[in-house]
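Here is the structure we will look at, set down as structure tokens.
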Amino acid sequence: MKALVDWMKTTWGTADIHIWRRDMYDRHWRCWYPSVETESDYSAPAWLEDEPLNLPELPSNNIQTLAFSIELLDHCEIRVALPEGVAVSADQRLLLEYLIRDTLMQEQITIERAHHERWLGGLRELTSSLDLNNLLFKILENSLKVIPAASNALFMMIDPDTRKWVSKAQIGFTDSIYQITSDIEEGITGTVYREGKGKIYEDNTPVFEEIIRTLSLENVRIFAESSHYSGFAKRTIAVPVTMKEDRIGVLLVYQYKDTKLLNESDLIKLQGFADQAAIAISNARMVNELVETNGYLVIRNEIHNLFTQLSMDSRSLPEMIQAVEKNIGLPTRFVDLTKQEWYPVQHNVPFTASELDQTLGKNLAPVILDSDRQFPYYIFPVHNGPLLAGCFVVQLKRPLRPLDHDILEQGAAVVMLQLVNTYSMTEMIYRRRRDFFEELIQYREPAELSDKIQRFGLSSQKPMFVCLLHLSENVQDKESNVIMQRFIALIEKELSGESMLLFSSHDKVTILLQAQQVRSQQQLVRKLKNLVKQSITSRLPLLYGGIGGMYSGLEQVARSHEEASRTLLFLRKSQRTGIMKYEEIGINRLFLQQDMEEIESYIHDVLSPLRNYKYQAEELELTLHVYMENNRSMSLTAEQLHIHPNTLYTRLRKLEEILALDLNDSEDWMKVYLACHLSKIY
């Protein structure tokens, strides 16, 4: 401007000269020279609206004007008012136009430099500050500086939880603007979000009115009361804030005064600041994620150290469960599915240990179980490899956090270690009991045995008997250990308070029990036989169980053990599951120690002629077995076989013929009866 002013003073002296300007986006004439403080200091004369002539003219107000049309960034019109009598040559007119163009260019460069500096300043702030709210405010502030026609600015962002628009930063509004929560498709914000591109909206146009109708009355009220101006803005620029392909917000500026029109250049500038907002939000999110991750890792490490210390201090299982509950902040219980025991003692949990065991089965993944209570329960299995040992039961009064899952996992590790240590200690105790039992069987040092047995809680003066239990199924080693642990826990629970010596070896359990009298032994036997029913309920394999006789004196332990072993052998050979006393075997005692080949040879010698018979061999052998089982009763046998007595008589005669014997002869009858009996058992 200085070069232009100096030239005019040199050319025309102190003449009263005024220069007016306007452009295509600002249709009001503004006094460019001399400069004025405010628009009200110098109002534009009416003659400026007249169409200019090609040559200078002397208007009635005794001034002459020069008109220029200059194309820079915006189409600009210039009017120069000179006093009457000032001569303007053609060369002076051309030079004046050149100086005006140069001054406008310098002014535009200065403006663009300021805009560029604000843009760079915004980028510097992005790398020097982590305060998202402050950064967003600075971005809005810079937006209004480079778009001076706008007076208000607002940044709207989608709340990730509610999926609604919320205000995050503002200029030109009151804080009540933060009360707005609009639907994602609502208003200008929703339109820009949906279309994904910025746009200029003008008041009182069909497009604007259609969009405004999508606003809720409550949001219209809040928006109107929050603004320092009445009504809607005359013009609005709204641009999307995009992070990669994810639209996360909308940046808006509002023009309430009817001054320079908002234009495409302003739209481009605002989109640049929207990109800055996206960077700021991205940085803030990354910082928050790093802070959260770091805090999470710190807490996770503290939890790990806590449980490690609990394990090193050999804290009890209840103390470990209490630590898990304290760190999760929800009611937490633990159930040992091996022993069917709760820690702490079950209360306010609508599931029994057996129900949880059946629900989980071999499933090692956590499950959520509903109940008749207000809150469901989270069941977190605790396992050693594929073997389920127990589970945490957490009442879900709130959703579990990622940290809660880590607490359960680390708690499960130390609890499982505690259980394994307990199992190892139990194995050591069983080994000592087994060694002592072997000493009892051998009975070499009676006085020493009498002293030792008291250490195991037994008395050498009371009668004793042995019970041997054996699994009926072959299971894998690890699974067998778990099954035996569960079964032993069941035995200890059933025989709680009884005087006994119990230990296991592989898939066999040995129990040495004491009873004061026969009646007491009978009660113990009933409890042992009740184990069969409980094992079925607890999903354990079926059992074979042999019980030896009850005798007084430590030297008789070996005899009772032998009888229990024979009974167990009989049950296994005959594949009869359940528990049996030695005296219940009956006549089969005579054959328990016989060689199996000799027994099979005897059965073959007696029945092979019948089995080799070509006609009706199976029918005849069945008839023979039923006839023997019914103690040679013709009527019962015929009824059971559903045949006529005469038919039965004919079959019996045929049997005698094939077997070459007389069924009425006591020796022949015993020979056949024994063969039938042994073939059924062996």
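If you're wondering about the labels, chains in the structure tokens are A, B, ... by order shown, residues count from 1 in each chain, ligands from 1 in order shown.
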Sel. of helix (DSSP H, G or I) residues, region 452-672 of chain A, as a PyMOL selection string: chain A and resi 452-455+477-494+518-537+554-574+582-592+596-611+617-629+634-641+645-659+666-672
Residue contacts of region 496-510 of chain A (10 Å, only C-alpha atoms) excluding same-chain residues fewer than 5 positions away, as a PyMOL selection string: chain A and resi 426-427+429-434+436-437+453+456-459+464-475+477+480-481+483-485+487-488+490-491+515+524+543-546+561+564
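Distances to Lys680 (chain A) were evaluated for A:Asn421, A:Gln575, A:Ser43, A:Gln514 using only C-alpha atoms, and the minimum falls at A:Gln575.
Going from CA of Gln640 (chain A) over to CA of Leu663 (chain A), you cover 19.6 Å.
If you look at CA of Ser633 (chain A) and CA of Trp669 (chain A), they are 13.3 Å away from each other.
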Within 9 Å of Val532 (chain A) using only C-alpha atoms, minus same-chain residues under 3 positions, as JSON, numbers by chain: {"A": [528, 529, 535, 536, 537, 542, 543, 577, 578, 579]}
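Minimum distance to Leu531 (chain A) across A:Val518, A:Ser565, A:Lys493, A:Asp16 (counting only C-alpha atoms) occurs at A:Lys493.
Using only C-alpha atoms, the shortest contact distance between Lys326 (chain A) and any of A:Glu598, A:Glu657, A:Glu563, A:Asp404 is found at A:Asp404.
For the atom pair formed by CA of Gly295 (chain A) and CA of Pro402 (chain A), the distance is 12.7 Å, given to one decimal.
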Residues near Trp342 (chain A), cut-off 12 Å, only C-alpha atoms, skip fewer than 3 positions along chain, as a VMD selection string: chain A and resid 317 to 318 321 332 to 339 345 to 349 351 to 354 356 390 to 393
Surrounding residues of region 297-307 of chain A excluding itself and chain neighbours under 4 positions, 7 Å, only C-alpha atoms, as a count of residues only: 6
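All residues within region 256-402 of chain A that the backbone DSSP calculation assigns to strand (DSSP E) are Thr332, Arg333, Phe334, Val335, Asp336, Glu341, Trp342, Tyr343, Val367, Ile368, Leu369, Tyr377, Tyr378, Ile379, Phe380, Pro381, Val382, His383, Asn384, Leu387, Leu388, Ala389, Gly390, Cys391, Phe392, Val393, Val394 and Gln395 of chain A.
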Shell around Arg398 (chain A) at 10 Å using only C-alpha atoms, local window under 4 positions removed, as an MDAnalysis selection string: chainID A and resid 329:330 375:376
